[in-house]
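Below is data.pdb, holding PDB, C-alpha atoms.
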ATOM      1  CA  MET A  12       0.000   0.000   0.000
ATOM      2  CA  LEU A  13       1.170   3.518  -0.779
ATOM      3  CA  ALA A  14       0.750   5.015   2.695
ATOM      4  CA  GLN A  15       0.005   8.445   4.110
ATOM      5  CA  ARG A  16       2.846  10.360   5.740
ATOM      6  CA  THR A  17       3.286  12.551   8.778
ATOM      7  CA  LEU A  18       6.230  13.546  11.000
ATOM      8  CA  LYS A  19       7.995  11.334  13.525
ATOM      9  CA  SER A  20       8.419  14.184  16.029
ATOM     10  CA  LEU A  21       7.691  17.875  16.355
ATOM     11  CA  THR A  22       9.989  20.627  15.129
ATOM     12  CA  LYS A  23      10.033  24.397  15.639
ATOM     13  CA  ALA A  24      11.204  27.575  13.931
ATOM     14  CA  VAL A  25      11.110  31.290  14.710
ATOM     15  CA  GLY A  26      11.096  34.045  12.090
ATOM     16  CA  VAL A  27       9.276  37.097  10.770
ATOM     17  CA  GLY A  28       6.374  37.407   8.374
ATOM     18  CA  LEU A  29       7.322  38.686   4.917
ATOM     19  CA  HIS A  30       4.400  41.094   4.707
ATOM     20  CA  SER A  31       3.547  41.729   8.380
ATOM     21  CA  GLY A  32       7.113  41.980   9.703
ATOM     22  CA  GLN A  33       5.816  40.313  12.894
ATOM     23  CA  ARG A  34       7.856  37.826  14.900
ATOM     24  CA  VAL A  35       6.233  34.413  14.688
ATOM     25  CA  GLU A  36       6.863  30.987  16.204
ATOM     26  CA  LEU A  37       6.014  27.922  14.136
ATOM     27  CA  THR A  38       5.624  24.399  15.513
ATOM     28  CA  LEU A  39       5.117  21.462  13.132
ATOM     29  CA  ARG A  40       3.544  18.430  14.813
ATOM     30  CA  PRO A  41       2.560  14.911  13.726
ATOM     31  CA  ALA A  42      -1.113  14.281  12.955
ATOM     32  CA  ALA A  43      -3.226  11.135  12.714
ATOM     33  CA  PRO A  44      -4.164   9.552   9.375
ATOM     34  CA  ASP A  45      -6.813  11.453   7.378
ATOM     35  CA  THR A  46      -6.291  14.624   9.455
ATOM     36  CA  GLY A  47      -4.926  16.574   6.502
ATOM     37  CA  ILE A  48      -2.840  19.694   7.055
ATOM     38  CA  VAL A  49      -4.281  21.924   9.762
ATOM     39  CA  PHE A  50      -3.029  25.401  10.648
ATOM     40  CA  ARG A  51      -3.759  26.306  14.276
ATOM     41  CA  ARG A  52      -3.694  29.910  15.520
ATOM     42  CA  VAL A  53      -2.504  29.236  19.066
ATOM     43  CA  ASP A  54      -2.063  32.948  19.891
ATOM     44  CA  LEU A  55      -5.815  33.634  19.953
ATOM     45  CA  PRO A  56      -7.856  33.532  23.220
ATOM     46  CA  GLN A  57      -9.463  30.362  21.881
ATOM     47  CA  PRO A  58      -7.146  28.541  19.437
ATOM     48  CA  VAL A  59      -8.681  28.254  15.974
ATOM     49  CA  ASP A  60      -8.034  25.400  13.524
ATOM     50  CA  ILE A  61      -7.952  26.166   9.800
ATOM     51  CA  VAL A  62      -8.071  23.010   7.701
ATOM     52  CA  ILE A  63      -6.569  23.510   4.248
ATOM     53  CA  SER A  64      -8.919  23.389   1.264
ATOM     54  CA  ALA A  65      -9.416  25.304  -1.962
ATOM     55  CA  GLN A  66     -12.403  27.030  -0.320
ATOM     56  CA  ALA A  67     -10.353  28.039   2.750
ATOM     57  CA  VAL A  68      -8.311  30.430   0.562
ATOM     58  CA  THR A  69      -9.773  33.912   1.105
ATOM     59  CA  ASP A  70      -7.069  36.312  -0.117
ATOM     60  CA  THR A  71      -4.503  35.946  -2.894
ATOM     61  CA  ARG A  72      -2.837  39.379  -2.979
ATOM     62  CA  LEU A  73       0.898  38.549  -3.291
ATOM     63  CA  ALA A  74       0.423  35.394  -1.183
ATOM     64  CA  SER A  75      -2.126  32.694  -0.354
ATOM     65  CA  THR A  76      -4.160  33.364   2.785
ATOM     66  CA  ILE A  77      -6.431  30.793   4.437
ATOM     67  CA  SER A  78      -9.191  31.619   6.908
ATOM     68  CA  SER A  79     -11.768  30.202   9.287
ATOM     69  CA  GLY A  80     -14.178  32.876  10.480
ATOM     70  CA  SER A  81     -12.090  35.903  11.440
ATOM     71  CA  ALA A  82      -8.912  33.841  12.010
ATOM     72  CA  LYS A  83      -6.407  34.015   9.158
ATOM     73  CA  VAL A  84      -2.985  32.687   8.225
ATOM     74  CA  HIS A  85      -1.132  34.529   5.459
ATOM     75  CA  THR A  86       1.642  33.315   3.138
ATOM     76  CA  VAL A  87       1.122  29.566   3.513
ATOM     77  CA  GLU A  88       2.387  28.640   0.029
ATOM     78  CA  HIS A  89       6.105  27.996   0.748
ATOM     79  CA  LEU A  90       5.389  25.628   3.650
ATOM     80  CA  MET A  91       2.632  23.967   1.603
ATOM     81  CA  SER A  92       5.086  23.571  -1.284
ATOM     82  CA  ALA A  93       7.568  21.778   0.979
ATOM     83  CA  CYS A  94       4.774  19.466   2.177
ATOM     84  CA  ALA A  95       3.828  18.730  -1.439
ATOM     85  CA  GLY A  96       7.445  18.104  -2.433
ATOM     86  CA  LEU A  97       8.009  15.673   0.457
ATOM     87  CA  GLY A  98       4.575  14.054   0.280
ATOM     88  CA  ILE A  99       3.374  15.071   3.769
ATOM     89  CA  ASP A 100      -0.336  14.254   4.142
ATOM     90  CA  ASN A 101      -1.059  14.942   7.808
ATOM     91  CA  LEU A 102       0.382  17.779   9.868
ATOM     92  CA  TYR A 103      -0.531  20.280  12.559
ATOM     93  CA  VAL A 104       0.994  23.724  12.058
ATOM     94  CA  ASP A 105       0.834  25.710  15.309
ATOM     95  CA  ILE A 106       1.452  29.391  14.675
ATOM     96  CA  THR A 107       1.657  32.387  17.050
ATOM     97  CA  ALA A 108       0.777  35.153  14.566
ATOM     98  CA  GLU A 109      -1.217  35.589  11.384
ATOM     99  CA  GLU A 110       1.614  34.943   8.913
ATOM    100  CA  VAL A 111       3.941  31.984   8.292
ATOM    101  CA  PRO A 112       7.584  33.078   8.753
ATOM    102  CA  ILE A 113       9.354  33.788   5.471
ATOM    103  CA  LEU A 114      12.696  32.334   6.716
ATOM    104  CA  ASP A 115      15.041  32.498   3.667
ATOM    105  CA  GLY A 116      12.288  33.247   1.121
ATOM    106  CA  SER A 117      12.249  29.748  -0.378
ATOM    107  CA  ALA A 118      10.901  26.355   0.738
ATOM    108  CA  SER A 119      14.317  24.925   1.650
ATOM    109  CA  SER A 120      14.120  25.877   5.346
ATOM    110  CA  PHE A 121      10.732  24.146   5.613
ATOM    111  CA  VAL A 122      12.141  21.079   3.837
ATOM    112  CA  PHE A 123      14.977  21.035   6.388
ATOM    113  CA  LEU A 124      12.524  21.330   9.301
ATOM    114  CA  LEU A 125      10.301  18.546   8.010
ATOM    115  CA  GLN A 126      13.183  16.207   7.255
ATOM    116  CA  SER A 127      14.902  16.918  10.580
ATOM    117  CA  ALA A 128      11.694  15.844  12.371
ATOM    118  CA  GLY A 129      11.682  12.646  10.321
ATOM    119  CA  ILE A 130       8.928  11.395   8.023
ATOM    120  CA  ALA A 131       6.733   8.526   9.250
ATOM    121  CA  LEU A 132       4.573   6.193   7.155
ATOM    122  CA  GLN A 133       1.030   5.666   8.469
ATOM    123  CA  ALA A 134      -1.421   2.756   8.376
ATOM    124  CA  ALA A 135      -3.778   4.405   5.893
ATOM    125  CA  PRO A 136      -3.734   4.660   2.087
ATOM    126  CA  LYS A 137      -2.516   7.899   0.508
ATOM    127  CA  ARG A 138      -5.347   9.524  -1.438
ATOM    128  CA  PHE A 139      -4.722  11.347  -4.705
ATOM    129  CA  ILE A 140      -6.921  13.545  -6.863
ATOM    130  CA  ARG A 141      -6.502  12.242 -10.404
ATOM    131  CA  VAL A 142      -7.484  14.665 -13.160
ATOM    132  CA  LEU A 143      -9.591  12.913 -15.832
ATOM    133  CA  ARG A 144     -10.077  15.756 -18.326
ATOM    134  CA  SER A 145      -8.490  19.139 -18.896
ATOM    135  CA  VAL A 146      -9.676  22.159 -16.936
ATOM    136  CA  GLU A 147      -8.446  25.670 -17.696
ATOM    137  CA  VAL A 148      -8.901  29.221 -16.402
ATOM    138  CA  ARG A 149      -7.940  32.398 -18.231
ATOM    139  CA  GLU A 150      -7.810  36.116 -17.515
ATOM    140  CA  GLY A 151      -7.074  39.122 -19.732
ATOM    141  CA  GLU A 152      -6.488  39.461 -23.447
ATOM    142  CA  GLY A 153      -3.457  40.072 -25.645
ATOM    143  CA  ALA A 154      -0.471  41.409 -23.714
ATOM    144  CA  THR A 155      -2.299  41.024 -20.388
ATOM    145  CA  ALA A 156      -3.371  37.402 -20.956
ATOM    146  CA  LYS A 157      -2.630  34.808 -18.297
ATOM    147  CA  TRP A 158      -3.843  31.241 -17.904
ATOM    148  CA  ALA A 159      -3.455  28.001 -15.968
ATOM    149  CA  ARG A 160      -4.479  24.457 -16.877
ATOM    150  CA  LEU A 161      -4.687  20.978 -15.352
ATOM    151  CA  SER A 162      -4.607  18.016 -17.758
ATOM    152  CA  PRO A 163      -4.625  14.220 -17.315
ATOM    153  CA  TYR A 164      -1.160  12.786 -16.610
ATOM    154  CA  ASN A 165       0.044   9.610 -14.908
ATOM    155  CA  GLY A 166       2.170  11.434 -12.359
ATOM    156  CA  TYR A 167       2.696  15.068 -11.425
ATOM    157  CA  LYS A 168       4.338  17.501 -13.818
ATOM    158  CA  LEU A 169       4.418  21.294 -13.776
ATOM    159  CA  SER A 170       5.467  23.692 -16.520
ATOM    160  CA  PHE A 171       5.469  27.455 -16.098
ATOM    161  CA  GLU A 172       6.379  30.437 -18.248
ATOM    162  CA  ILE A 173       6.903  33.965 -16.957
ATOM    163  CA  ASP A 174       7.032  37.200 -18.914
ATOM    164  CA  PHE A 175       8.823  40.011 -17.090
ATOM    165  CA  ASP A 176      10.175  43.017 -18.950
ATOM    166  CA  HIS A 177      13.308  43.377 -16.830
ATOM    167  CA  PRO A 178      16.986  42.948 -17.814
ATOM    168  CA  ALA A 179      17.863  40.707 -14.860
ATOM    169  CA  VAL A 180      14.926  38.386 -15.523
ATOM    170  CA  ASP A 181      15.242  38.453 -19.316
ATOM    171  CA  SER A 182      18.801  37.133 -19.052
ATOM    172  CA  THR A 183      17.599  33.978 -17.249
ATOM    173  CA  GLY A 184      15.386  31.077 -18.260
ATOM    174  CA  GLN A 185      11.740  32.161 -18.289
ATOM    175  CA  ARG A 186      10.178  28.740 -18.811
ATOM    176  CA  VAL A 187      10.774  25.583 -16.778
ATOM    177  CA  GLU A 188       9.248  22.127 -16.478
ATOM    178  CA  PHE A 189       9.515  19.935 -13.392
ATOM    179  CA  ASP A 190       8.347  16.317 -13.207
ATOM    180  CA  MET A 191       8.143  14.529  -9.852
ATOM    181  CA  SER A 192       9.067  11.248 -11.562
ATOM    182  CA  SER A 193      12.456  12.396 -12.796
ATOM    183  CA  GLY A 194      13.411  15.501 -10.811
ATOM    184  CA  SER A 195      14.317  16.123  -7.186
ATOM    185  CA  TYR A 196      12.143  18.730  -5.461
ATOM    186  CA  THR A 197      14.716  19.398  -2.741
ATOM    187  CA  ARG A 198      17.511  19.876  -5.281
ATOM    188  CA  ASP A 199      15.715  21.421  -8.259
ATOM    189  CA  ILE A 200      12.915  23.607  -6.827
ATOM    190  CA  ALA A 201      12.976  24.084  -3.044
ATOM    191  CA  ARG A 202      15.820  26.645  -2.920
ATOM    192  CA  ALA A 203      14.228  29.155  -5.332
ATOM    193  CA  ARG A 204      13.485  32.399  -3.469
ATOM    194  CA  THR A 205      10.670  34.876  -3.780
ATOM    195  CA  PHE A 206      11.617  38.069  -5.636
ATOM    196  CA  GLY A 207      10.649  41.706  -5.867
ATOM    197  CA  PHE A 208      11.596  45.082  -7.287
ATOM    198  CA  THR A 209      12.789  48.122  -5.348
ATOM    199  CA  LYS A 210      10.385  50.337  -7.317
ATOM    200  CA  ASP A 211       7.460  48.371  -5.856
ATOM    201  CA  VAL A 212       8.650  48.317  -2.231
ATOM    202  CA  GLU A 213       7.432  51.809  -1.254
ATOM    203  CA  MET A 214       3.983  51.154  -2.718
ATOM    204  CA  MET A 215       3.753  47.741  -1.041
ATOM    205  CA  ARG A 216       4.829  49.051   2.364
ATOM    206  CA  SER A 217       2.316  51.893   2.180
ATOM    207  CA  ASN A 218      -0.295  49.138   1.802
ATOM    208  CA  GLY A 219       1.051  47.191   4.772
ATOM    209  CA  LEU A 220       2.889  44.615   2.658
ATOM    210  CA  ALA A 221       6.542  43.475   2.455
ATOM    211  CA  LEU A 222       7.263  44.922   5.922
ATOM    212  CA  GLY A 223       9.552  41.970   6.722
ATOM    213  CA  GLY A 224      11.194  41.645   3.323
ATOM    214  CA  GLY A 225      14.889  42.187   2.611
ATOM    215  CA  LEU A 226      18.004  40.823   0.934
ATOM    216  CA  ASP A 227      18.200  37.923   3.402
ATOM    217  CA  ASN A 228      14.804  36.507   2.411
ATOM    218  CA  ALA A 229      14.170  37.596  -1.192
ATOM    219  CA  ILE A 230      15.839  38.324  -4.504
ATOM    220  CA  VAL A 231      15.698  42.110  -4.812
ATOM    221  CA  MET A 232      16.191  43.960  -8.101
ATOM    222  CA  ASP A 233      16.523  47.600  -9.054
ATOM    223  CA  ASP A 234      15.719  48.716 -12.615
ATOM    224  CA  TYR A 235      18.700  46.844 -14.063
ATOM    225  CA  LYS A 236      20.187  44.131 -11.872
ATOM    226  CA  VAL A 237      19.952  41.742  -8.930
ATOM    227  CA  LEU A 238      21.111  43.484  -5.739
ATOM    228  CA  ASN A 239      21.847  40.359  -3.677
ATOM    229  CA  SER A 240      25.622  40.004  -3.281
ATOM    230  CA  ASP A 241      25.446  36.207  -3.640
ATOM    231  CA  GLY A 242      23.522  36.372  -6.938
ATOM    232  CA  LEU A 243      21.075  33.662  -7.974
ATOM    233  CA  ARG A 244      20.857  30.103  -6.650
ATOM    234  CA  TYR A 245      19.647  28.756 -10.019
ATOM    235  CA  ASN A 246      20.133  30.195 -13.498
ATOM    236  CA  ASP A 247      16.329  30.151 -13.781
ATOM    237  CA  GLU A 248      15.510  30.942 -10.139
ATOM    238  CA  PHE A 249      12.675  33.373 -10.957
ATOM    239  CA  VAL A 250      10.529  30.910 -12.872
ATOM    240  CA  LYS A 251      11.483  28.068 -10.522
ATOM    241  CA  HIS A 252      10.048  30.089  -7.653
ATOM    242  CA  LYS A 253       6.798  30.289  -9.629
ATOM    243  CA  ILE A 254       6.812  26.474  -9.818
ATOM    244  CA  LEU A 255       7.489  26.365  -6.056
ATOM    245  CA  ASP A 256       4.549  28.710  -5.404
ATOM    246  CA  ALA A 257       2.262  26.753  -7.741
ATOM    247  CA  MET A 258       3.053  23.478  -5.945
ATOM    248  CA  GLY A 259       2.078  25.115  -2.646
ATOM    249  CA  ASP A 260      -1.054  26.762  -4.032
ATOM    250  CA  LEU A 261      -2.240  23.544  -5.690
ATOM    251  CA  TYR A 262      -1.609  21.447  -2.571
ATOM    252  CA  LEU A 263      -4.221  23.568  -0.810
ATOM    253  CA  ILE A 264      -6.780  21.296  -2.501
ATOM    254  CA  GLY A 265      -5.954  18.922   0.357
ATOM    255  CA  LYS A 266      -4.564  15.934  -1.561
ATOM    256  CA  PRO A 267      -1.691  15.425  -4.006
ATOM    257  CA  LEU A 268      -2.654  15.800  -7.654
ATOM    258  CA  LEU A 269      -2.056  13.320 -10.446
ATOM    259  CA  ALA A 270      -2.031  15.802 -13.306
ATOM    260  CA  ALA A 271       0.007  17.982 -15.617
ATOM    261  CA  TYR A 272      -0.165  21.654 -14.599
ATOM    262  CA  SER A 273       0.835  24.247 -17.162
ATOM    263  CA  ALA A 274       0.639  28.003 -16.786
ATOM    264  CA  PHE A 275       1.561  31.321 -18.355
ATOM    265  CA  ARG A 276       1.950  34.310 -16.010
ATOM    266  CA  SER A 277      -0.266  32.663 -13.408
ATOM    267  CA  GLY A 278      -0.212  33.555  -9.731
ATOM    268  CA  HIS A 279      -1.883  32.733  -6.415
ATOM    269  CA  ALA A 280      -5.317  33.995  -7.502
ATOM    270  CA  LEU A 281      -5.428  32.101 -10.778
ATOM    271  CA  ASN A 282      -4.025  28.939  -9.178
ATOM    272  CA  ASN A 283      -6.839  28.939  -6.627
ATOM    273  CA  LYS A 284      -9.398  29.718  -9.329
ATOM    274  CA  LEU A 285      -8.103  26.659 -11.215
ATOM    275  CA  LEU A 286      -8.642  24.394  -8.173
ATOM    276  CA  ARG A 287     -12.170  25.698  -7.704
ATOM    277  CA  GLU A 288     -12.902  25.169 -11.402
ATOM    278  CA  LEU A 289     -11.696  21.571 -11.176
ATOM    279  CA  LEU A 290     -13.872  20.857  -8.129
ATOM    280  CA  LEU A 291     -16.936  22.291  -9.912
ATOM    281  CA  HIS A 292     -16.804  19.456 -12.452
ATOM    282  CA  GLU A 293     -17.265  16.063 -10.796
ATOM    283  CA  ASP A 294     -16.527  14.328 -14.091
ATOM    284  CA  ALA A 295     -13.104  16.006 -14.303
ATOM    285  CA  TYR A 296     -11.443  14.154 -11.412
ATOM    286  CA  GLU A 297     -11.548  11.128  -9.132
ATOM    287  CA  VAL A 298      -9.981  10.209  -5.794
ATOM    288  CA  VAL A 299      -7.679   7.180  -6.041
ATOM    289  CA  THR A 300      -5.405   5.082  -3.826
ATOM    290  CA  PHE A 301      -2.742   2.493  -4.639
ATOM    291  CA  GLU A 302      -3.005  -0.790  -2.754
ATOM    292  CA  ASP A 303       0.158  -1.884  -4.579
ATOM    293  CA  GLU A 304       2.672   0.950  -4.385
ATOM    294  CA  LYS A 305       4.421  -0.452  -7.459
ATOM    295  CA  ARG A 306       1.382   0.685  -9.466
ATOM    296  CA  ALA A 307       1.757   4.276  -8.261
ATOM    297  CA  PRO A 308       3.368   6.792 -10.629
ATOM    298  CA  GLN A 309       7.122   7.018 -10.272
ATOM    299  CA  GLY A 310       8.331   9.550  -7.731
ATOM    300  CA  PHE A 311       5.623   9.034  -5.105
ATOM    301  CA  ALA A 312       6.548   5.737  -3.441
ATOM    302  CA  THR A 313      10.062   6.539  -2.233
ATOM    303  CA  LEU A 314      10.651   9.032   0.577
ATOM    304  CA  ALA A 315      12.544  12.124  -0.552
ATOM    305  CA  ARG A 316      16.228  11.952   0.277
ATOM    306  CA  ALA A 317      17.757  14.409   2.708
ATOM    307  CA  TRP A 318      20.114  17.104   1.444
TER     308      TRP A 318
END
Could you spell out this file's structure in C-alpha cells?
Amino acid sequence: MLAQRTLKSLTKAVGVGLHSGQRVELTLRPAAPDTGIVFRRVDLPQPVDIVISAQAVTDTRLASTISSGSAKVHTVEHLMSACAGLGIDNLYVDITAEEVPILDGSASSFVFLLQSAGIALQAAPKRFIRVLRSVEVREGEGATAKWARLSPYNGYKLSFEIDFDHPAVDSTGQRVEFDMSSGSYTRDIARARTFGFTKDVEMMRSNGLALGGGLDNAIVMDDYKVLNSDGLRYNDEFVKHKILDAMGDLYLIGKPLLAAYSAFRSGHALNNKLLRELLLHEDAYEVVTFEDEKRAPQGFATLARAW
C-alpha cells in the first residue's frame, strides 16, 4: 500500500512574516491519518483550527491566505510547497501570529525542518486527486493574458512560463518544467526564493505589505540588476520560484494531484481559481489510492532523500 505520511516528532522555527514583519513561532507536529494539514492559531484567546482546502483560501494578494471565520494565516504557500514536495499528508501547524515566517524566502528551510523531524509512514492509504479531463482558467487578453491548466497525466508535472520586462529576468530562463518522476524537489525547486523590485517596495509598504522583506529573504532587483551580493541560486531561479509557489497553491486542494499543470503568467489567484474550477466538475477528477505501491506513478513511493 502507498501510505500516508506525517512527521515522527515535532519541530520548531522562529522568524518574521514577509508582509507583516511580525515575529512568529512555528511548531510542526505529527497528525493522525486522514487529518490533513491543519493550521492552528494558538495565539488567539481560543485557538482556531484552519483546515486547508481550496475554499479556505480567502485572499490571494501577493500570497495565499487561508481563513476560518475571522482567524487568518497569510503566506502559507512555501510551507505547503515543501509538504507537497516531500509528500506530507497529515500535519498540525501551530502558529503564534497571522503569517507563516518567510525564513530564507524559499521552501528549503521548511524542507529542512520537516526532514529533521523525520517522516513517518502511516497505516492508511494515501489519497490522490486524479485529473480525468483538462480544466483551464484564463484572464485578460493580448499582452495582459494569463492562464493556468490541469490536464490528465500519470504522475505530477508542472510547466510554467513567466514574462517580465526586466533585464535581470530576461537574461535567465523564463520557462521551466519539473516532473516529480524524474526531478528532485529538494535539489531542483525548493531553494528558489521569492523576488521583488525596489520600485514596488514603497507602494507595497504603504499598503502594509513586504514589511519583513529584505536581501536575506528575497531576490531584490533595481531597474537593471539583482542586488543580492550572492547572486542567484539557479540560473532560472525566478521561474522556478513560480513552480514552487504553484506546488504550494495547488496542494491547498488537500490531496496530491495526479495531473500535468501548465501556466503562463499565473499567480496565487489564478491557481486557486483553477482548483475551484476543477472541483466544480465532478466528471473532471476522481480520488484514487494504490493498494500496490508499485502501481503508483514514479516519484511518489520513495521518501525524498535528505540534502
Using all atoms listed in the file, determine which residues lie at most 6 Å from stretch 169-177 of chain A, disregarding the query and same-chain residues fewer than 3 positions distant; provide the list as a tab-separated table (two decimals) with C-alpha atoms, keeping the file's coordinate frame.
chain	number	residue	atom	x	y	z
A	180	VAL	CA	14.93	38.39	-15.52
A	181	ASP	CA	15.24	38.45	-19.32
A	185	GLN	CA	11.74	32.16	-18.29
A	186	ARG	CA	10.18	28.74	-18.81
A	187	VAL	CA	10.77	25.58	-16.78
A	188	GLU	CA	9.25	22.13	-16.48
A	189	PHE	CA	9.52	19.93	-13.39
A	271	ALA	CA	0.01	17.98	-15.62
A	272	TYR	CA	-0.16	21.65	-14.60
A	273	SER	CA	0.84	24.25	-17.16
A	274	ALA	CA	0.64	28.00	-16.79
A	275	PHE	CA	1.56	31.32	-18.36
A	276	ARG	CA	1.95	34.31	-16.01
Q | Sphere at (-6.0, 10.7, 10.5), radius 10 Å, counting all atoms listed in the file: residues as a ChimeraX atom specification | A | /A:15,17,42-47,100-102,133-135
Q: Starting from the displayed file, determine the output of the PyMOL selection byres ((chain A and resi 33) around 10) and express the residue list as a VMD selection string.
A: chain A and resid 26 to 32 34 to 36 107 to 112 222 to 223
Q: Could you tell me which residues the PyMOL selection byres ((chain A and resi 295) around 9) returns for this structure, as a ChimeraX atom specification?
A: /A:141-146,289-294,296-297
Q.
With distances taken over all atoms listed in the file, which residue among A:Asn218, A:Arg72, A:Val84, A:Gly96 lies nearest A:Thr313?
A.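 Among A:Asn218, A:Arg72, A:Val84, A:Gly96, it is A:Gly96 that comes nearest to A:Thr313.
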